[in-house]
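Pasted below: coords-v5.tsv, TSV, C-alpha atoms and all ligand atoms.
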```
chain	number	residue	atom	x	y	z
A	1442	MET	CA	130.92	66.76	42.96
A	1443	ASP	CA	128.33	68.68	44.89
A	1444	THR	CA	129.10	69.32	48.51
A	1445	PRO	CA	126.13	68.52	50.78
A	1446	GLU	CA	125.50	72.25	51.22
A	1447	LYS	CA	125.13	72.71	47.48
A	1448	LYS	CA	122.37	70.13	47.14
A	1449	LYS	CA	119.06	71.64	46.18
A	1450	VAL	CA	116.50	71.98	48.96
A	1451	ILE	CA	113.27	70.02	48.72
A	1452	PHE	CA	110.35	70.63	51.06
A	1453	SER	CA	107.18	68.62	51.37
A	1454	ALA	CA	104.61	67.77	53.99
A	1455	ILE	CA	101.64	65.53	54.58
A	1456	GLN	CA	98.60	66.19	56.74
A	1457	PRO	CA	97.87	63.79	59.58
A	1458	SER	CA	94.20	63.98	58.69
A	1459	GLY	CA	93.52	60.27	58.74
A	1460	THR	CA	95.11	57.02	57.86
A	1461	ILE	CA	97.76	57.09	55.12
A	1462	THR	CA	96.60	55.40	51.95
A	1463	LEU	CA	98.22	53.41	49.20
A	1464	GLY	CA	97.68	56.52	47.04
A	1465	ASN	CA	99.72	58.68	49.44
A	1466	TYR	CA	102.41	56.02	49.53
A	1467	LEU	CA	102.73	55.25	45.81
A	1468	GLY	CA	102.04	58.82	44.71
A	1469	ALA	CA	104.15	60.73	47.22
A	1470	LEU	CA	105.92	59.02	50.12
A	1471	ARG	CA	107.79	56.44	48.11
A	1472	ASN	CA	109.24	59.22	45.98
A	1473	TRP	CA	110.25	61.28	49.00
A	1474	VAL	CA	112.30	58.32	50.20
A	1475	LYS	CA	114.17	58.21	46.89
A	1476	LEU	CA	114.81	61.97	46.85
A	1477	GLN	CA	116.75	61.81	50.11
A	1478	ASP	CA	120.02	60.78	48.48
A	1479	ASN	CA	120.20	63.56	45.94
A	1480	TYR	CA	118.60	66.50	47.68
A	1481	ASN	CA	118.63	68.30	50.94
A	1482	CYS	CA	115.19	67.12	52.01
A	1483	ILE	CA	112.97	68.68	54.63
A	1484	PHE	CA	109.73	66.87	55.45
A	1485	ALA	CA	107.00	67.67	57.94
A	1486	VAL	CA	103.80	66.28	59.38
A	1487	ALA	CA	101.50	69.25	58.72
A	1488	ASP	CA	99.45	69.15	61.90
A	1489	LEU	CA	98.68	72.89	61.85
A	1490	HIS	CA	97.03	72.43	58.47
A	1491	ALA	CA	94.93	69.56	59.76
A	1492	ILE	CA	92.98	71.69	62.26
A	1493	THR	CA	91.36	73.63	59.41
A	1494	VAL	CA	88.79	70.86	59.70
A	1495	ARG	CA	87.61	69.76	63.15
A	1496	GLN	CA	89.75	67.05	64.78
A	1497	GLU	CA	88.85	64.95	67.77
A	1498	PRO	CA	91.78	65.52	70.21
A	1499	LYS	CA	92.52	61.90	71.05
A	1500	THR	CA	92.34	60.72	67.45
A	1501	PHE	CA	94.30	63.74	66.26
A	1502	ARG	CA	97.15	63.06	68.70
A	1503	GLN	CA	97.24	59.45	67.56
A	1504	ASN	CA	97.13	60.39	63.88
A	1505	ILE	CA	100.07	62.77	64.23
A	1506	LEU	CA	102.23	60.19	65.95
A	1507	ASN	CA	101.12	57.44	63.57
A	1508	ALA	CA	101.93	59.59	60.56
A	1509	TYR	CA	105.39	60.32	61.97
A	1510	ALA	CA	106.10	56.65	62.71
A	1511	LEU	CA	104.68	55.50	59.40
A	1512	LEU	CA	106.83	57.88	57.37
A	1513	LEU	CA	109.90	56.62	59.22
A	1514	ALA	CA	108.71	53.08	58.46
A	1515	CYS	CA	108.39	53.99	54.77
A	1516	GLY	CA	112.05	55.01	54.76
A	1517	ILE	CA	112.27	58.69	55.69
A	1518	ASP	CA	115.69	58.76	57.31
A	1519	THR	CA	116.47	61.43	59.88
A	1520	GLU	CA	120.19	60.91	59.26
A	1521	LYS	CA	119.70	62.16	55.71
A	1522	SER	CA	116.72	64.50	55.99
A	1523	LEU	CA	115.02	66.79	58.44
A	1524	PHE	CA	111.70	65.35	59.46
A	1525	PHE	CA	109.66	67.18	62.07
A	1526	ILE	CA	106.17	68.01	63.25
A	1527	GLN	CA	105.07	71.38	61.88
A	1528	SER	CA	103.62	72.78	65.14
A	1529	HIS	CA	106.96	72.14	66.91
A	1530	VAL	CA	108.65	74.80	64.80
A	1531	HIS	CA	107.08	78.11	65.79
A	1532	THR	CA	108.38	80.01	62.75
A	1533	HIS	CA	105.76	78.36	60.52
A	1534	ALA	CA	102.76	79.94	62.21
A	1535	GLU	CA	104.60	83.24	62.56
A	1536	LEU	CA	105.62	83.58	58.93
A	1537	ALA	CA	102.13	82.42	57.92
A	1538	TRP	CA	100.67	85.43	59.72
A	1539	VAL	CA	103.09	87.76	57.97
A	1540	LEU	CA	102.36	86.22	54.58
A	1541	ASN	CA	98.62	86.49	55.22
A	1542	CYS	CA	99.14	90.22	54.99
A	1543	TYR	CA	100.69	89.83	51.54
A	1544	THR	CA	98.03	87.48	50.20
A	1545	GLN	CA	94.85	88.80	48.65
A	1546	PHE	CA	91.30	87.80	49.51
A	1547	GLY	CA	90.63	87.28	45.80
A	1548	GLU	CA	93.57	84.91	45.41
A	1549	LEU	CA	92.49	82.72	48.30
A	1550	SER	CA	88.88	82.75	47.09
A	1551	ARG	CA	89.97	81.15	43.82
A	1552	MET	CA	91.56	78.09	45.44
A	1553	THR	CA	89.65	75.00	44.38
A	1554	GLN	CA	90.54	73.12	47.57
A	1555	PHE	CA	88.95	75.92	49.60
A	1556	LYS	CA	85.82	75.77	47.47
A	1557	ASP	CA	85.64	71.97	47.79
A	1558	LYS	CA	86.38	71.83	51.50
A	1559	SER	CA	84.05	74.69	52.40
A	1560	ALA	CA	81.25	72.91	50.56
A	1561	LYS	CA	82.08	69.68	52.40
A	1562	HIS	CA	82.37	71.30	55.83
A	1563	ALA	CA	79.69	73.96	55.37
A	1564	ASP	CA	79.19	74.26	59.14
A	1565	ASN	CA	82.82	75.21	59.71
A	1566	VAL	CA	84.14	77.50	56.98
A	1567	ASN	CA	86.77	79.04	59.24
A	1568	ALA	CA	89.42	81.66	58.47
A	1569	GLY	CA	92.15	79.01	58.79
A	1570	LEU	CA	90.63	76.96	55.99
A	1571	PHE	CA	90.64	80.09	53.88
A	1572	ALA	CA	94.22	81.07	54.77
A	1573	TYR	CA	95.54	77.48	54.50
A	1574	PRO	CA	97.67	78.32	51.41
A	1575	SER	CA	99.61	81.10	53.18
A	1576	LEU	CA	100.63	78.62	55.88
A	1577	MET	CA	101.72	76.24	53.15
A	1578	ALA	CA	103.67	79.10	51.52
A	1579	ALA	CA	105.36	79.77	54.88
A	1580	ASP	CA	106.34	76.09	55.20
A	1581	ILE	CA	108.04	76.21	51.85
A	1582	LEU	CA	109.56	79.71	51.85
A	1583	LEU	CA	111.10	79.43	55.35
A	1584	TYR	CA	113.67	76.94	54.04
A	1585	GLN	CA	114.48	78.78	50.79
A	1586	SER	CA	113.25	75.61	49.09
A	1587	ASP	CA	114.20	75.04	45.47
A	1588	MET	CA	111.61	72.40	44.77
A	1589	VAL	CA	108.38	71.07	46.18
A	1590	PRO	CA	107.10	67.61	45.24
A	1591	VAL	CA	103.31	67.84	45.19
A	1592	GLY	CA	100.46	66.09	43.50
A	1593	ALA	CA	98.15	67.77	41.00
A	1594	ASP	CA	95.74	68.81	43.76
A	1595	GLN	CA	98.40	71.00	45.42
A	1596	LYS	CA	99.77	72.72	42.30
A	1597	GLN	CA	97.46	75.70	42.68
A	1598	HIS	CA	98.71	76.24	46.24
A	1599	LEU	CA	102.30	76.05	45.09
A	1600	GLU	CA	101.62	78.57	42.35
A	1601	LEU	CA	100.20	80.89	44.99
A	1602	ALA	CA	103.31	80.40	47.16
A	1603	ARG	CA	105.41	81.47	44.17
A	1604	ASN	CA	103.25	84.55	43.65
A	1605	ILE	CA	103.50	85.51	47.31
A	1606	ALA	CA	107.30	85.10	47.23
A	1607	GLU	CA	107.61	87.16	44.06
A	1608	ARG	CA	105.35	89.86	45.44
A	1609	PHE	CA	107.31	90.11	48.69
A	1610	ASN	CA	110.64	90.11	46.85
A	1611	GLY	CA	109.25	92.80	44.53
A	1612	ILE	CA	108.47	95.10	47.45
A	1613	TYR	CA	111.47	94.45	49.72
A	1614	GLY	CA	114.19	92.98	47.52
A	1615	ASN	CA	115.28	89.38	47.37
A	1616	THR	CA	114.07	87.61	50.51
A	1617	PHE	CA	112.58	84.28	49.48
A	1618	LYS	CA	113.68	81.72	46.93
A	1619	VAL	CA	110.84	81.23	44.43
A	1620	PRO	CA	110.15	77.46	44.51
A	1621	GLU	CA	109.54	75.22	41.52
A	1622	PRO	CA	107.13	72.29	41.49
A	1623	TYR	CA	108.90	68.95	41.40
A	1624	ILE	CA	107.14	66.66	39.01
A	1625	SER	CA	108.11	63.10	39.60
A	1626	THR	CA	108.31	60.80	36.60
A	1627	VAL	CA	107.61	57.70	38.61
A	1628	GLY	CA	104.74	58.84	40.81
A	1629	ALA	CA	101.57	56.85	40.39
A	1630	ARG	CA	98.12	58.37	40.59
A	1631	VAL	CA	96.02	55.87	42.43
A	1632	MET	CA	92.27	56.01	41.93
A	1633	SER	CA	89.41	55.09	44.24
A	1634	LEU	CA	88.61	51.37	44.24
A	1635	GLN	CA	84.89	52.19	44.26
A	1636	GLU	CA	84.73	55.18	41.90
A	1637	PRO	CA	87.83	54.79	39.76
A	1638	THR	CA	87.42	58.15	38.02
A	1639	LYS	CA	88.10	59.85	41.38
A	1640	LYS	CA	91.47	59.78	43.16
A	1641	MET	CA	91.90	57.50	46.15
A	1642	SER	CA	91.51	59.83	49.11
A	1643	LYS	CA	91.96	59.15	52.81
A	1644	SER	CA	88.97	61.31	53.67
A	1645	ASP	CA	86.61	59.25	51.49
A	1646	GLU	CA	83.80	58.07	53.74
A	1647	ASN	CA	83.51	54.79	51.88
A	1648	VAL	CA	86.26	52.71	53.50
A	1649	ASN	CA	86.21	50.31	50.54
A	1650	ALA	CA	87.38	53.16	48.30
A	1651	TRP	CA	90.86	53.23	49.81
A	1652	VAL	CA	93.50	50.87	51.07
A	1653	ALA	CA	95.53	52.09	54.02
A	1654	VAL	CA	99.21	51.21	54.27
A	1655	LEU	CA	98.41	49.85	57.73
A	1656	ASP	CA	95.38	47.78	56.67
A	1657	LYS	CA	95.60	44.12	57.70
A	1658	PRO	CA	96.25	41.60	54.90
A	1659	ASP	CA	92.70	40.21	54.92
A	1660	THR	CA	91.25	43.73	54.79
A	1661	ILE	CA	93.46	44.57	51.81
A	1662	MET	CA	92.35	41.37	50.09
A	1663	LYS	CA	88.68	42.12	50.79
A	1664	LYS	CA	88.92	45.68	49.50
A	1665	PHE	CA	90.60	44.64	46.26
A	1666	LYS	CA	88.09	41.83	45.71
A	1667	ARG	CA	85.32	44.42	46.02
A	1668	ALA	CA	87.02	46.84	43.61
A	1669	VAL	CA	84.75	48.11	40.85
A	1670	THR	CA	85.71	46.84	37.39
A	1671	ASP	CA	83.88	46.37	34.07
A	1672	SER	CA	82.13	43.52	32.31
A	1673	GLU	CA	84.71	42.89	29.61
A	1674	ALA	CA	86.83	40.53	31.73
A	1675	VAL	CA	90.06	41.28	29.89
A	1676	VAL	CA	93.08	42.37	31.95
A	1677	LYS	CA	94.35	45.08	29.62
A	1678	VAL	CA	94.53	48.87	29.70
A	1679	GLY	CA	91.63	50.32	27.75
A	1680	GLU	CA	89.21	53.19	27.39
A	1681	GLY	CA	86.26	53.09	29.77
A	1682	LYS	CA	88.05	50.48	31.89
A	1683	ASP	CA	88.96	52.86	34.70
A	1684	GLY	CA	88.77	50.22	37.42
A	1685	ILE	CA	91.04	47.75	35.64
A	1686	ASN	CA	93.37	50.54	34.47
A	1687	ASN	CA	93.75	51.55	38.10
A	1688	LEU	CA	94.44	47.99	39.27
A	1689	ILE	CA	97.02	47.57	36.50
A	1690	GLY	CA	98.57	50.89	37.54
A	1691	ILE	CA	98.82	49.73	41.15
A	1692	MET	CA	100.25	46.35	40.12
A	1693	SER	CA	102.78	48.07	37.92
A	1694	ALA	CA	103.82	50.57	40.61
A	1695	VAL	CA	104.25	47.81	43.17
A	1696	THR	CA	105.98	45.14	41.07
A	1697	GLY	CA	107.83	47.31	38.54
A	1698	LYS	CA	106.27	45.34	35.67
A	1699	THR	CA	104.90	47.27	32.69
A	1700	ALA	CA	101.18	47.30	31.83
A	1701	ASP	CA	101.94	45.14	28.76
A	1702	GLU	CA	103.81	42.56	30.80
A	1703	ILE	CA	100.88	42.41	33.21
A	1704	ALA	CA	98.39	42.01	30.33
A	1705	ILE	CA	100.42	39.07	28.96
A	1706	GLU	CA	100.74	37.45	32.38
A	1707	PHE	CA	96.98	37.58	32.94
A	1708	GLU	CA	95.83	36.73	29.44
A	1709	GLY	CA	92.89	34.36	29.59
A	1710	LYS	CA	92.52	34.80	33.34
A	1711	GLY	CA	89.50	36.40	34.99
A	1712	TYR	CA	89.27	39.55	37.09
A	1713	GLY	CA	88.97	37.46	40.25
A	1714	ASP	CA	92.47	36.02	39.77
A	1715	PHE	CA	93.86	39.40	38.86
A	1716	LYS	CA	92.36	41.16	41.87
A	1717	THR	CA	93.80	38.48	44.16
A	1718	ALA	CA	97.21	38.90	42.56
A	1719	VAL	CA	97.12	42.70	42.96
A	1720	ALA	CA	96.07	42.35	46.60
A	1721	GLU	CA	98.88	39.85	47.23
A	1722	ALA	CA	101.45	42.17	45.65
A	1723	VAL	CA	100.24	45.09	47.76
A	1724	ILE	CA	100.28	42.96	50.91
A	1725	GLU	CA	103.89	41.99	50.19
A	1726	GLU	CA	104.83	45.63	49.59
A	1727	VAL	CA	103.34	46.90	52.86
A	1728	LYS	CA	104.40	43.96	55.03
A	1729	PRO	CA	107.91	45.24	55.89
A	1730	ILE	CA	106.54	48.77	56.35
A	1731	GLN	CA	103.95	47.49	58.82
A	1732	ALA	CA	106.60	45.57	60.73
A	1733	ARG	CA	108.80	48.66	61.03
A	1734	PHE	CA	105.79	50.77	61.96
A	1735	ASP	CA	105.02	48.42	64.86
A	1736	GLU	CA	108.57	48.82	66.12
A	1737	TYR	CA	108.52	52.62	65.89
A	1738	ILE	CA	105.09	53.18	67.34
A	1739	ASN	CA	106.04	51.06	70.35
A	1740	ASN	CA	109.20	53.05	70.90
A	1741	LYS	CA	107.88	56.46	71.83
A	1742	ASP	CA	111.25	57.61	73.21
A	1743	TYR	CA	112.88	57.04	69.87
A	1744	LEU	CA	110.13	58.97	68.05
A	1745	VAL	CA	110.43	61.89	70.46
A	1746	GLU	CA	114.19	61.95	70.05
A	1747	GLN	CA	113.89	62.01	66.25
A	1748	TYR	CA	111.25	64.70	65.91
A	1749	ARG	CA	112.92	66.92	68.50
A	1750	LYS	CA	116.32	66.64	66.86
A	1751	SER	CA	114.91	67.67	63.47
A	1752	ALA	CA	112.70	70.43	64.89
A	1753	GLU	CA	115.67	72.03	66.61
A	1754	ILE	CA	117.63	72.26	63.38
A	1755	ALA	CA	114.56	73.33	61.39
A	1756	GLU	CA	113.95	76.12	63.86
A	1757	LYS	CA	117.48	77.50	63.41
A	1758	ILE	CA	117.29	77.43	59.61
A	1759	SER	CA	113.81	78.89	59.40
A	1760	GLN	CA	114.46	81.57	62.02
A	1761	ARG	CA	117.02	83.14	59.69
A	1762	THR	CA	114.42	83.56	56.96
A	1763	LEU	CA	111.77	84.81	59.36
A	1764	ASP	CA	114.18	87.38	60.85
A	1765	LYS	CA	115.20	88.55	57.40
A	1766	ALA	CA	111.59	89.00	56.27
A	1767	MET	CA	110.54	90.80	59.45
A	1768	LYS	CA	113.53	93.13	59.34
A	1769	LYS	CA	112.71	94.08	55.77
A	1770	ILE	CA	109.14	94.90	56.73
A	1771	GLY	CA	110.38	97.20	59.49
A	1772	PHE	CA	109.90	95.21	62.66
A	1773	ILE	CA	112.38	95.99	65.42
A	1774	ALA	CA	114.72	93.15	66.38
A	1775	LYS	CA	114.54	92.10	70.04
B	1801	LIG	P1	92.55	64.23	51.91
B	1801	LIG	O1	91.54	63.17	51.57
B	1801	LIG	O2	92.56	64.61	53.38
B	1801	LIG	O3	92.54	65.39	50.98
B	1801	LIG	P2	94.58	62.80	50.52
B	1801	LIG	O4	94.60	61.32	50.75
B	1801	LIG	O5	93.98	63.27	49.27
B	1801	LIG	O6	93.95	63.52	51.77
B	1801	LIG	P3	96.83	64.58	50.93
B	1801	LIG	O7	97.20	64.65	52.37
B	1801	LIG	O8	96.08	65.71	50.32
B	1801	LIG	O9	96.10	63.20	50.63
B	1801	LIG	O10	98.13	64.34	50.08
B	1801	LIG	C1	99.38	63.86	50.54
B	1801	LIG	C2	100.22	63.56	49.35
B	1801	LIG	O11	99.77	62.36	48.71
B	1801	LIG	C3	100.21	64.64	48.28
B	1801	LIG	O12	101.50	64.80	47.75
B	1801	LIG	C4	99.26	64.09	47.24
B	1801	LIG	O13	99.52	64.59	45.96
B	1801	LIG	C5	99.51	62.59	47.34
B	1801	LIG	N1	98.32	61.82	46.98
B	1801	LIG	C6	97.13	61.85	47.62
B	1801	LIG	N2	96.26	61.01	47.07
B	1801	LIG	C7	96.90	60.42	46.04
B	1801	LIG	C8	96.51	59.45	45.06
B	1801	LIG	N3	95.31	58.92	45.05
B	1801	LIG	N4	97.42	59.07	44.14
B	1801	LIG	C9	98.65	59.60	44.17
B	1801	LIG	N5	99.08	60.51	45.04
B	1801	LIG	C10	98.23	60.93	45.98
B	1802	LIG	N1	98.69	70.91	51.74
B	1802	LIG	C1	99.43	69.67	51.57
B	1802	LIG	C2	100.32	69.37	52.73
B	1802	LIG	C3	101.32	70.45	52.89
B	1802	LIG	C4	102.41	70.72	52.02
B	1802	LIG	C5	103.09	71.83	52.60
B	1802	LIG	C6	102.86	70.16	50.83
B	1802	LIG	C7	101.39	71.34	53.92
B	1802	LIG	N2	102.44	72.16	53.74
B	1802	LIG	C8	104.21	72.40	51.98
B	1802	LIG	C9	103.98	70.73	50.22
B	1802	LIG	C10	104.63	71.84	50.79
B	1802	LIG	C11	98.46	68.53	51.35
B	1802	LIG	O1	97.38	68.55	51.86
B	1802	LIG	N3	98.88	67.54	50.61
```
Please render this file's structure as structure tokens.
Amino acid sequence: MDTPEKKKVIFSAIQPSGTITLGNYLGALRNWVKLQDNYNCIFAVADLHAITVRQEPKTFRQNILNAYALLLACGIDTEKSLFFIQSHVHTHAELAWVLNCYTQFGELSRMTQFKDKSAKHADNVNAGLFAYPSLMAADILLYQSDMVPVGADQKQHLELARNIAERFNGIYGNTFKVPEPYISTVGARVMSLQEPTKKMSKSDENVNAWVAVLDKPDTIMKKFKRAVTDSEAVVKVGEGKDGINNLIGIMSAVTGKTADEIAIEFEGKGYGDFKTAVAEAVIEEVKPIQARFDEYINNKDYLVEQYRKSAEIAEKISQRTLDKAMKKIGFIAK
């Protein structure tokens, strides 16, 4: 039997850059919840990352707190895992600065997220947006993480974190654990309801493209009814049927039924019936989460207690790594 100390360390984080979508939940958060029993999990609300694009202070504050409460509502358990707000643990920004000096301009220039986001926010291509991956590397490396569950869009950043760790270790001797990506077998990739060849993304300006975990039941129903499909009217996975494939994928992720079982269940029925059924299944899935969210968000004292408790422990763990790295570089201890 593994002692708790021997469990592998998993680190992941989510940006409080908007409302959390069904894609975030089915593709990431739901898996994090499951990982908590078998790994030493460390999760964070990555608020420092979020300011790489302009945030309106009032909304930002609300989004951070909402993200924290929503993740608790999804099942992140502070008795099992550390779960804190990134900016509360000062070591993250500090190690990020250090790692910036071991990260090359060329490497950061090749990041596709940087290219995409700088095109999208052409009026604000700031140095933070550029250096975003070294902050992410700091998040991960501070905890000597073994594995990092990330979606496809973050793999390039994780690869860079590995390169930075290897480079630093190469110069100064073993300092950081080189993390592996954690590829979940159950994670669903949820596509946009309006352009089903694109992933569902919380920053999509078309609100009908995504469903938020906190959307009201009638909003969820409306968004699914408006989902783009095809003209074949057969509920079955098929080529060129991206919209229906996506709805089947969502139905399957939520109910646990296979795509074949769903096809049999809806044989001879139209898309209208199917869309209603998917919406109903999603509404059922998010209902208990929404109820717990309401409890947490109305209990600020509890939230504060939880994020402080985790941040305190995270600071102690991460300080050890930061001290070790700085000592190796030649900084003088205070
Ligand atoms: P943004 O639009 O701001 O880029 P996002 O909705 O794409 O946000 P992220 O904050 O980048 O989400 O991602 C949080 C986590 O959710 C990551 O692990 C990511 O892989 C996962 N994720 C995001 N969108 C989806 C999706 N459509 N399907 C499955 N997983 C997703
Ligand atoms: N960049 C990630 C969020 C993130 C993260 C991390 C993920 C910040 N730090 C460390 C894994 C490990 C995103 O936008 N999804």
For the atom pair atom CA of A:His1529 and atom CA of A:Val1591, what is the interatomic distance in Å to one decimal place?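 Rounded to one decimal, the two atoms are 22.4 Å apart.
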Fewer than 5 positions away in the same chain doesn't count, so skip those; otherwise give me all residues within 8 Å of stretch 1537-1544 of chain A, counting all atoms listed in the file, as a PyMOL selection string. chain A and resi 1549+1572+1575-1579+1605+1608-1609
Near A:Asn1740, within 12 Å and counting only C-alpha atoms, which residues show up once chain neighbours fewer than 6 positions away are dropped, as a list of chain:residue names? A:Leu1506, A:Asn1507, A:Ala1510, A:Arg1733, A:Phe1734, A:Glu1746, A:Gln1747
Residues just named, written with C-alpha atoms as a PDB file, keeping the file's coordinate frame:
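part_31.pdb, written as the output of this step:
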```
ATOM      1  CA  LEU A1506     102.230  60.190  65.950  1.00  0.00           C
ATOM      2  CA  ASN A1507     101.120  57.440  63.570  1.00  0.00           C
ATOM      3  CA  ALA A1510     106.100  56.650  62.710  1.00  0.00           C
ATOM      4  CA  ARG A1733     108.800  48.660  61.030  1.00  0.00           C
ATOM      5  CA  PHE A1734     105.790  50.770  61.960  1.00  0.00           C
ATOM      6  CA  GLU A1746     114.190  61.950  70.050  1.00  0.00           C
ATOM      7  CA  GLN A1747     113.890  62.010  66.250  1.00  0.00           C
TER       8      GLN A1747
END
```
Report the distance between atom CA of A:Lys1728 and atom CA of A:Leu1655 in Å, rounded to one decimal place.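 That distance, rounded to one decimal, is 8.8 Å.
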Atom-to-atom span, atom CA of A:Ala1718 and atom CA of A:Glu1673, Å: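 Between these atoms lies a distance of 18.4 Å.
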Using only C-alpha atoms and all ligand atoms, find each residue with an atom at most 6 Å away from ligand LIG 1801 (chain B) and format the answer as a VMD selection string. chain A and resid 1455 to 1456 1458 1464 to 1465 1468 to 1469 1591 to 1592 1629 to 1632 1640 to 1644
Nearest to ligand LIG 1802 (chain B) by atom-to-atom distance, counting only C-alpha atoms and all ligand atoms, from A:Phe1501, A:Tyr1573, A:Phe1524, A:Tyr1509: A:Tyr1573
Skip stretch 1657-1660 of chain A itself and residues of its chain fewer than 4 positions away, then list as a ChimeraX atom specification all residues within 10 Å of it, counting only C-alpha atoms. /A:1649,1652-1653,1664-1666,1720-1721,1723-1725,1727-1728,1731
Protein and nucleic acid residues within 10 Å of ligand LIG 1802 (chain B) (all atoms listed in the file) as an mmCIF file with C-alpha atoms, keeping the file's coordinate frame:
```cif
data_model
loop_
_atom_site.group_PDB
_atom_site.id
_atom_site.type_symbol
_atom_site.label_atom_id
_atom_site.label_comp_id
_atom_site.auth_asym_id
_atom_site.auth_seq_id
_atom_site.Cartn_x
_atom_site.Cartn_y
_atom_site.Cartn_z
ATOM 1 C CA ILE A 1451 113.270 70.020 48.720
ATOM 2 C CA PHE A 1452 110.350 70.630 51.060
ATOM 3 C CA SER A 1453 107.180 68.620 51.370
ATOM 4 C CA ALA A 1454 104.610 67.770 53.990
ATOM 5 C CA ILE A 1455 101.640 65.530 54.580
ATOM 6 C CA GLN A 1456 98.600 66.190 56.740
ATOM 7 C CA PRO A 1457 97.870 63.790 59.580
ATOM 8 C CA SER A 1458 94.200 63.980 58.690
ATOM 9 C CA ASN A 1465 99.720 58.680 49.440
ATOM 10 C CA ALA A 1469 104.150 60.730 47.220
ATOM 11 C CA ILE A 1483 112.970 68.680 54.630
ATOM 12 C CA PHE A 1484 109.730 66.870 55.450
ATOM 13 C CA ALA A 1485 107.000 67.670 57.940
ATOM 14 C CA VAL A 1486 103.800 66.280 59.380
ATOM 15 C CA ALA A 1487 101.500 69.250 58.720
ATOM 16 C CA ASP A 1488 99.450 69.150 61.900
ATOM 17 C CA LEU A 1489 98.680 72.890 61.850
ATOM 18 C CA HIS A 1490 97.030 72.430 58.470
ATOM 19 C CA ALA A 1491 94.930 69.560 59.760
ATOM 20 C CA GLN A 1527 105.070 71.380 61.880
ATOM 21 C CA HIS A 1533 105.760 78.360 60.520
ATOM 22 C CA GLN A 1554 90.540 73.120 47.570
ATOM 23 C CA TYR A 1573 95.540 77.480 54.500
ATOM 24 C CA PRO A 1574 97.670 78.320 51.410
ATOM 25 C CA SER A 1575 99.610 81.100 53.180
ATOM 26 C CA LEU A 1576 100.630 78.620 55.880
ATOM 27 C CA MET A 1577 101.720 76.240 53.150
ATOM 28 C CA ALA A 1578 103.670 79.100 51.520
ATOM 29 C CA ALA A 1579 105.360 79.770 54.880
ATOM 30 C CA ASP A 1580 106.340 76.090 55.200
ATOM 31 C CA ILE A 1581 108.040 76.210 51.850
ATOM 32 C CA LEU A 1582 109.560 79.710 51.850
ATOM 33 C CA SER A 1586 113.250 75.610 49.090
ATOM 34 C CA MET A 1588 111.610 72.400 44.770
ATOM 35 C CA VAL A 1589 108.380 71.070 46.180
ATOM 36 C CA PRO A 1590 107.100 67.610 45.240
ATOM 37 C CA VAL A 1591 103.310 67.840 45.190
ATOM 38 C CA GLY A 1592 100.460 66.090 43.500
ATOM 39 C CA ALA A 1593 98.150 67.770 41.000
ATOM 40 C CA ASP A 1594 95.740 68.810 43.760
ATOM 41 C CA GLN A 1595 98.400 71.000 45.420
ATOM 42 C CA LYS A 1596 99.770 72.720 42.300
ATOM 43 C CA HIS A 1598 98.710 76.240 46.240
ATOM 44 C CA LEU A 1599 102.300 76.050 45.090
ATOM 45 C CA ALA A 1602 103.310 80.400 47.160
ATOM 46 C CA PRO A 1622 107.130 72.290 41.490
#
```
Selection near A:Ser1751, 8 Å with only C-alpha atoms, sequence-local residues under 6 positions removed, as JSON, numbers by chain: {"A": [1519, 1523, 1524, 1525]}
